[in-house]
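Visitor: Following this line is target-v8.txt, made up of compact mmCIF, C-alpha atoms:
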```txt
# COMPACT_ATOMS: atom_id res chain seq x y z
CA MET A 1 0.00 0.00 0.00
CA GLU A 2 2.92 2.34 -0.58
CA ASN A 3 0.87 4.36 -3.11
CA LEU A 4 -1.98 5.05 -0.71
CA PRO A 5 -1.28 7.89 1.70
CA ALA A 6 -1.63 6.79 5.32
CA GLY A 7 -3.88 8.96 7.43
CA GLY A 8 -4.37 9.18 11.14
CA GLY A 9 -7.30 7.99 13.14
CA SER A 10 -9.79 5.21 12.64
CA ILE A 11 -13.38 4.74 11.52
CA LYS A 12 -15.74 2.17 12.99
CA ILE A 13 -17.59 0.03 10.49
CA THR A 14 -20.21 -2.64 11.02
CA VAL A 15 -20.04 -5.63 8.71
CA CYS A 16 -23.03 -7.88 8.03
CA LEU A 17 -21.68 -11.38 7.45
CA PRO A 18 -22.86 -14.80 6.30
CA GLY A 19 -23.38 -17.52 8.88
CA GLY A 20 -20.24 -19.31 10.02
CA THR A 21 -17.95 -16.28 9.85
CA LEU A 22 -17.98 -15.68 13.61
CA SER A 23 -17.05 -19.32 14.14
CA ASP A 24 -14.06 -18.91 11.82
CA LEU A 25 -12.99 -15.82 13.76
CA SER A 26 -13.40 -17.58 17.10
CA ASP A 27 -11.24 -20.45 15.86
CA LEU A 28 -8.48 -17.91 15.19
CA ALA A 29 -8.61 -16.43 18.72
CA PRO A 30 -5.65 -18.57 19.97
CA TYR A 31 -3.64 -17.41 16.97
CA PHE A 32 -4.46 -13.77 17.72
CA ALA A 33 -3.34 -14.31 21.33
CA GLY A 34 -0.08 -15.86 20.19
CA GLU A 35 0.58 -13.01 17.79
CA LEU A 36 -0.13 -10.48 20.56
CA LYS A 37 2.33 -12.28 22.82
CA ARG A 38 4.93 -12.29 20.05
CA ALA A 39 4.53 -8.54 19.55
CA LYS A 40 4.90 -7.87 23.27
CA ALA A 41 8.07 -9.96 23.35
CA ASP A 42 9.70 -8.11 20.47
CA LYS A 43 12.86 -6.21 21.36
CA MET A 44 11.21 -2.98 20.18
CA ALA A 45 8.64 -3.37 22.95
CA ASP A 46 11.33 -3.41 25.63
CA THR A 47 11.79 0.01 27.23
CA CYS A 48 13.51 -1.14 30.41
CA GLY A 49 16.38 1.14 31.43
CA LEU A 50 15.31 3.97 29.14
CA ASP A 51 14.42 7.44 30.38
CA ARG A 52 10.80 8.56 30.00
CA ARG A 53 11.27 10.55 26.81
CA THR A 54 13.32 7.87 25.06
CA ALA A 55 10.88 5.18 26.15
CA ALA A 56 7.92 7.16 24.82
CA ALA A 57 9.64 7.70 21.48
CA ARG A 58 10.45 4.00 21.22
CA ARG A 59 6.87 2.99 21.99
CA ALA A 60 5.63 5.40 19.31
CA ARG A 61 8.00 3.90 16.74
CA TRP A 62 6.94 0.40 17.70
CA GLU A 63 3.24 1.26 17.38
CA LYS A 64 3.90 2.63 13.90
CA GLN A 65 5.88 -0.47 12.92
CA LYS A 66 3.14 -2.76 14.24
CA GLU A 67 0.56 -0.94 12.15
CA GLN A 68 2.73 -1.46 9.08
CA LEU A 69 3.06 -5.16 9.95
CA ARG A 70 -0.72 -5.46 10.32
CA ARG A 71 -1.35 -3.78 6.97
CA SER A 72 1.12 -6.10 5.26
CA GLY A 73 -0.40 -9.21 6.84
CA ARG A 74 2.62 -9.99 9.01
CA LEU A 75 0.96 -9.39 12.37
CA PHE A 76 -2.49 -10.76 13.20
CA ASP A 77 -2.86 -9.78 16.84
CA SER A 78 -6.58 -8.92 16.71
CA ARG A 79 -9.70 -8.97 14.57
CA ARG A 80 -8.88 -5.40 13.63
CA ALA A 81 -5.51 -6.51 12.29
CA LEU A 82 -7.18 -9.31 10.32
CA VAL A 83 -9.72 -7.02 8.64
CA THR A 84 -7.08 -4.35 8.05
CA ALA A 85 -4.81 -6.82 6.25
CA GLY A 86 -7.75 -8.11 4.26
CA LEU A 87 -8.86 -4.61 3.26
CA VAL A 88 -5.35 -3.64 2.16
CA ARG A 89 -5.25 -6.75 -0.03
CA VAL A 90 -8.71 -6.09 -1.51
CA ILE A 91 -7.85 -2.46 -2.29
CA ALA A 92 -4.60 -3.47 -3.97
CA GLU A 93 -6.21 -6.26 -6.02
CA ARG A 94 -8.83 -3.83 -7.31
CA GLY A 95 -6.15 -1.31 -8.29
CA TRP A 96 -7.42 1.27 -5.87
CA ASP A 97 -4.09 1.86 -4.12
CA ARG A 98 -3.48 5.11 -5.96
CA GLN A 99 -3.08 8.75 -5.04
CA ASP A 100 -5.97 10.04 -7.15
CA LEU A 101 -8.93 9.15 -4.94
CA PRO A 102 -12.29 10.06 -6.50
CA ALA A 103 -14.17 12.88 -4.80
CA VAL A 104 -17.32 11.88 -2.92
CA PRO A 105 -20.10 14.47 -2.50
CA GLY A 106 -21.22 14.99 1.07
CA GLN A 107 -24.82 14.10 0.26
CA SER A 108 -23.75 10.58 -0.78
CA ARG A 109 -22.82 9.67 2.76
CA GLY A 110 -24.98 7.38 4.83
CA ARG A 111 -26.96 4.35 3.68
CA TRP A 112 -26.73 3.92 -0.08
CA VAL A 113 -29.87 3.72 -2.15
CA GLY A 114 -30.67 0.10 -2.97
CA SER A 115 -28.53 -1.38 -0.22
CA VAL A 116 -29.99 -4.24 1.82
CA ASN A 117 -28.63 -6.55 4.48
CA VAL A 118 -30.90 -9.49 3.72
CA GLY A 119 -29.21 -12.89 3.86
CA PHE A 120 -26.63 -12.07 6.52
CA SER A 121 -27.15 -13.55 9.96
CA GLU A 122 -24.00 -12.33 11.73
CA GLN A 123 -22.12 -9.07 12.13
CA ILE A 124 -19.07 -7.51 13.69
CA SER A 125 -18.03 -3.93 14.36
CA VAL A 126 -14.39 -3.01 14.01
CA ASP A 127 -12.28 0.17 13.99
CA LEU A 128 -10.24 0.35 10.79
CA PRO A 129 -7.58 2.83 9.65
CA ALA A 130 -9.44 5.88 8.36
CA ASP A 131 -7.44 6.18 5.15
CA LEU A 132 -8.40 2.65 4.08
CA VAL A 133 -12.09 3.18 4.82
CA VAL A 134 -12.15 6.50 2.97
CA CYS A 135 -10.36 4.95 0.01
CA ALA A 136 -12.79 2.02 -0.25
CA ARG A 137 -15.88 4.21 0.07
CA ALA A 138 -14.59 6.68 -2.52
CA TRP A 139 -13.93 4.01 -5.12
CA CYS A 140 -17.25 2.28 -4.44
CA TYR A 141 -18.97 5.59 -5.12
CA HIS A 142 -16.91 6.17 -8.26
CA VAL A 143 -17.51 2.77 -9.90
CA SER A 144 -21.20 2.79 -8.88
CA ARG A 145 -22.09 6.37 -9.75
CA SER A 146 -24.08 5.65 -12.91
CA PRO A 147 -26.36 2.90 -11.52
CA THR A 148 -26.74 4.79 -8.24
CA ASP A 149 -27.93 7.91 -10.08
CA ALA A 150 -30.36 5.70 -12.02
CA LEU A 151 -31.69 4.23 -8.76
CA TYR A 152 -32.45 7.70 -7.43
CA LYS A 153 -34.39 8.43 -10.62
CA TRP A 154 -36.19 5.09 -10.22
CA HIS A 155 -37.39 6.17 -6.78
CA GLU A 156 -38.57 9.48 -8.22
CA ARG A 157 -40.62 7.58 -10.81
CA ASN A 158 -41.95 5.14 -8.22
CA PRO A 159 -42.45 7.12 -5.00
CA GLY A 160 -44.94 4.62 -3.57
CA ALA A 161 -42.97 1.47 -4.35
CA THR A 162 -41.32 -0.66 -1.71
CA PRO A 163 -38.56 -2.59 -3.51
CA ASN A 164 -37.93 -4.98 -0.63
CA ARG A 165 -41.67 -5.83 -0.68
CA PRO A 166 -42.32 -6.23 -4.45
CA ASN A 167 -45.73 -7.85 -3.95
CA ARG A 168 -47.17 -4.68 -2.43
CA PRO A 169 -49.19 -2.26 -4.56
CA GLY A 170 -47.19 0.42 -6.30
CA CYS A 171 -44.32 -1.78 -7.49
CA ASP A 172 -44.84 -2.52 -11.19
CA PRO A 173 -43.19 -5.87 -12.21
CA ASP A 174 -41.24 -4.29 -15.05
CA GLU A 175 -40.07 -1.44 -12.84
CA TYR A 176 -39.11 -3.89 -10.12
CA ALA A 177 -37.04 -5.86 -12.63
CA GLU A 178 -35.27 -2.65 -13.57
CA TYR A 179 -34.63 -1.92 -9.90
CA LYS A 180 -33.05 -5.36 -9.44
CA ARG A 181 -30.90 -4.88 -12.53
CA LEU A 182 -29.60 -1.51 -11.35
CA SER A 183 -28.99 -2.70 -7.79
CA ALA A 184 -26.86 -5.56 -9.10
CA LEU A 185 -24.58 -3.03 -10.80
CA VAL A 186 -23.83 -1.11 -7.59
CA LEU A 187 -20.72 -1.97 -5.61
CA TYR A 188 -21.65 -1.29 -2.00
CA ALA A 189 -19.14 -0.59 0.75
CA GLY A 190 -20.60 -3.54 2.64
CA ASP A 191 -19.47 -5.80 -0.20
CA ILE A 192 -15.92 -4.57 0.29
CA TRP A 193 -16.03 -5.02 4.08
CA ARG A 194 -17.24 -8.62 3.66
CA GLU A 195 -14.54 -9.28 1.09
CA ALA A 196 -11.94 -7.85 3.48
CA VAL A 197 -13.10 -10.11 6.32
CA LYS A 198 -13.10 -13.16 4.06
CA THR A 199 -9.65 -12.33 2.70
CA GLY A 200 -8.25 -11.62 6.16
CA ILE A 201 -9.55 -14.93 7.50
CA ALA A 202 -7.98 -16.81 4.59
CA LEU A 203 -4.62 -15.11 5.15
CA ALA A 204 -4.67 -15.77 8.90
CA GLN A 205 -5.71 -19.40 8.46
CA VAL A 206 -2.76 -20.06 6.17
CA LEU A 207 -0.29 -18.44 8.57
CA SER A 208 -1.76 -20.06 11.68
CA ALA A 209 -1.41 -23.48 10.07
CA SER A 210 2.21 -22.97 9.07
```
Output the file's structure as structure tokens, nothing else.
Guide:
Amino acid sequence: MENLPAGGGSIKITVCLPGGTLSDLSDLAPYFAGELKRAKADKMADTCGLDRRTAAARRARWEKQKEQLRRSGRLFDSRRALVTAGLVRVIAERGWDRQDLPAVPGQSRGRWVGSVNVGFSEQISVDLPADLVVCARAWCYHVSRSPTDALYKWHERNPGATPNRPNRPGCDPDEYAEYKRLSALVLYAGDIWREAVKTGIALAQVLSAS
């Protein structure tokens, strides 16, 4: 992720997940604990004998190094680290690790038109590095702009329709089919979060088994 500028802070996201994901994460808990123990035992974590200022500087350097290790998938000491590593991989594979992030209008924030959480029985909330979250959301908006604009126009044409209840009055079958077609073209941020969790689990499972 050298091409993506690192920013400070974090953003909490909630990920709706398919059944069985929490079990996979629970199975990795011993691995997370071992990785945490390994990080604490690293020589960079040792500040014994150092004066207060030097110790503080060393801890700051070590925290920065640990974050770099988490992003690169070399330190899985928490669920946050797992999702972070997965998100970095997803962003890179999609070619989004670039400097020229698309601009996102303020009014596009919040729940996206057409988004639903049907079919997901589990969820987790996790704080992720803000720069990664902003990057993913910006590119989702960029690649989905055309179908998203069309969905807003669909709602203007069908103000009384309830797309998640197509059998109710006010939802013409042809219009509903168009709604489904447009929704399928939108890349939602939730899709990226789920992909990041799935990718992170796969990476951690390989390393934990080695």
Visitor: Taking into account only C-alpha atoms, which residue in the set A:Ser121, A:Ser144, A:Asn158, A:Ser78 is nearest to Gly200 in chain A?
Guide: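 Ranking A:Ser121, A:Ser144, A:Asn158, A:Ser78 by distance to Gly200 in chain A, first place goes to A:Ser78.
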Visitor: Could you check which of A:Val90, A:Ser125, A:Leu28, A:Trp62 is closest to Ala41 in chain A, using all atoms listed in the file?
Guide: A:Trp62
Visitor: Would you mind telling me which residue in A:Tyr152, A:Ala85, A:Asp51, A:Glu67 lies nearest to Gly9 in chain A when using all atoms listed in the file?
Guide: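 Ranked by minimum distance to Gly9 in chain A, first place goes to A:Glu67.
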Visitor: Can you tell me which residues surround Ala209 in chain A at a distance of at most 12 Å, considering all atoms listed in the file, apart from same-chain residues fewer than 6 positions away, and format the answer as a list in words?
Guide: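 After dropping sequence-adjacent residues, the list is Asp27, Leu28, Pro30, Tyr31, Ala202 and Leu203 of chain A.
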Visitor: Within 12 Å of Glu93 in chain A, counting only C-alpha atoms, which residues qualify if same-chain residues fewer than 3 places away don't, as a CSV table (one decimal) with C-alpha atoms, in the frame of the given file?
Guide:
```csv
chain,number,residue,atom,x,y,z
A,1,MET,CA,0.0,0.0,0.0
A,86,GLY,CA,-7.8,-8.1,4.3
A,87,LEU,CA,-8.9,-4.6,3.3
A,88,VAL,CA,-5.4,-3.6,2.2
A,89,ARG,CA,-5.2,-6.8,0.0
A,90,VAL,CA,-8.7,-6.1,-1.5
A,96,TRP,CA,-7.4,1.3,-5.9
A,97,ASP,CA,-4.1,1.9,-4.1
A,98,ARG,CA,-3.5,5.1,-6.0
A,192,ILE,CA,-15.9,-4.6,0.3
A,195,GLU,CA,-14.5,-9.3,1.1
A,196,ALA,CA,-11.9,-7.8,3.5
A,199,THR,CA,-9.6,-12.3,2.7
```
Visitor: Name the closest residue to His142 in chain A among the candidates A:Glu122, A:Asp46, A:Asp174, A:Asp100; distances are taken between atoms, counting only C-alpha atoms.
Guide: A:Asp100
Visitor: Report, in Å with one decimal, the straight-line distance from CA of Val126 in chain A to CA of Met44 in chain A.
Guide: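 Atom-to-atom, CA of Val126 in chain A to CA of Met44 in chain A, that is 26.3 Å.
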Visitor: Go through A:Asn164, A:Gln123, A:Ser10, A:Ser183 one by one, measure the shortest atom-to-atom distance of each to Arg145 in chain A using all atoms listed in the file, and give the residue with the smallest value.
Guide: A:Ser183
Visitor: Taking into account only C-alpha atoms, which residue in the set A:Leu128, A:Cys16, A:Ala177, A:Ala189 is nearest to Arg80 in chain A?
Guide: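 That would be A:Leu128, the residue with the smallest distance to Arg80 in chain A.
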Visitor: Set the distance at 9 Å and use only C-alpha atoms: which residues neighbour Gly8 in chain A once local chain neighbours fewer than 2 positions away are removed? I'd like the list as a ChimeraX atom specification.
Guide: /A:6,10,129-131
